[in-house]
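Beneath this line is the structure, given in structure tokens, with notes to follow.
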Amino acid sequence: MQLSEAVRRRIINLADERNITLHRLSLESGISYSTLSSFINGKSQSPKLVTLLHICEGFGIELNEFFTDKLFKDVEED
């Protein structure tokens with residue numbers, strides 16, 4: 001799986017697990033809804049690391065916890 005797809009799936013999975021909509025995540029993370037939506041819908045590539053950090057803050061997790069998921073075990077470069 002490509003890295004951008006793994007990141008996308010991880011965000012979706014975390015949102016589902018926590019019952020958080022993209023709109024709420026945008027409010028909690030300080031990232032615009034359009035930025036989140038564009039990435040989740042595949043219109044843009046992987047977010048910058050600082051953006052991902054803010055997304056993690058919106059979920060109430062640390063960046064290292066985001067990447068401990070099995071999705072990242074065999075990722076490939078985009």
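We label chains A, B, ... in the order they appear in the structure tokens, count residues from 1 in each chain, and number ligands from 1 in the order shown.
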Residues at most 12 Å from Asn64 in chain A, counting only C-alpha atoms, excluding those fewer than 4 positions away in the same chain, as a PDB file with C-alpha atoms, in the first residue's frame?
ATOM      1  CA  LEU A  49       3.953  16.466   8.771  1.00  0.00           C
ATOM      2  CA  LEU A  52      -0.626  15.467  10.435  1.00  0.00           C
ATOM      3  CA  LEU A  53       0.553  16.573  13.879  1.00  0.00           C
ATOM      4  CA  CYS A  56      -3.314  13.823  15.743  1.00  0.00           C
ATOM      5  CA  GLU A  57      -3.930  16.580  18.283  1.00  0.00           C
ATOM      6  CA  THR A  68       1.959   2.307  15.219  1.00  0.00           C
ATOM      7  CA  ASP A  69      -0.973   0.890  13.248  1.00  0.00           C
ATOM      8  CA  PHE A  72       2.240   1.218   8.060  1.00  0.00           C
TER       9      PHE A  72
END
Which residues are near Phe66 in chain A? Cut-off 9 Å, only C-alpha atoms, ignore same chain within fewer than 5 positions. Put them as a ChimeraX atom specification. /A:7,10-11,14,56,61
Can you write just those residues out, C-alpha atoms, as a short mmCIF file (atom, residue, chain, number, x, y, z; two decimals), in the first residue's frame?
data_model
loop_
_atom_site.label_atom_id
_atom_site.label_comp_id
_atom_site.auth_asym_id
_atom_site.auth_seq_id
_atom_site.Cartn_x
_atom_site.Cartn_y
_atom_site.Cartn_z
CA VAL A 7 -2.37 7.77 6.07
CA ARG A 10 -5.65 5.64 9.33
CA ILE A 11 -7.44 8.99 9.58
CA LEU A 14 -9.54 6.81 13.82
CA CYS A 56 -3.31 13.82 15.74
CA ILE A 61 -3.18 11.13 20.24
#
- Task: Check chain A with DSSP on the backbone and list each residue it calls alpha helix (DSSP H), as a ChimeraX atom specification.
- Result: /A:3-18,22-29,33-40,49-59,63-66
Give me, as a ChimeraX atom specification, all polymer residues having an atom no more than 10 Å from Ser37 in chain A, counting only C-alpha atoms and skipping those fewer than 6 positions away in the same chain.
/A:22-23,26,43-44
| message | Could you list, as a list in words, every residue within 8 Å of Leu3 in chain A, counting only C-alpha atoms and ignoring same-chain residues fewer than 3 positions away? | response | Ala6, Val7, Ser46, Phe72, Val75, Glu76, Glu77 and Asp78 of chain A
Worksheet entry | Nearby residues (only C-alpha atoms) at most 9 Å from Gly42 in chain A, same-chain spacing under 5 positions excluded, as a PyMOL selection string | chain A and resi 4-5+8+37
Next, dump the selected residues to file, keeping only C-alpha atoms, as a PDB file, in the first residue's frame.
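Generated file (part_8.pdb):
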ATOM      1  CA  SER A   4      -0.669   8.362   1.233  1.00  0.00           C
ATOM      2  CA  GLU A   5      -3.343   5.639   1.173  1.00  0.00           C
ATOM      3  CA  ARG A   8      -5.804   8.313   4.540  1.00  0.00           C
ATOM      4  CA  SER A  37     -11.823  16.656   2.754  1.00  0.00           C
TER       5      SER A  37
END
Please provide the set of residues having any atom within 8 Å of Phe59 in chain A, restricted to only C-alpha atoms, with same-chain residues fewer than 4 positions apart removed, written as number ranges by chain. A: 14-15, 25, 28-29, 55
Requested in this report: Can you work out the spacing between CA of Asp74 in chain A and CA of Met1 in chain A in Å, to one decimal?
Outcome: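 Calculated distance between CA of Asp74 in chain A and CA of Met1 in chain A is 6.9 Å.
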Residue with the minimum atom-to-atom distance to Thr35 in chain A, picked from A:Lys48, A:Lys70, A:Arg18, A:Arg9 with only C-alpha atoms counted, is A:Lys48
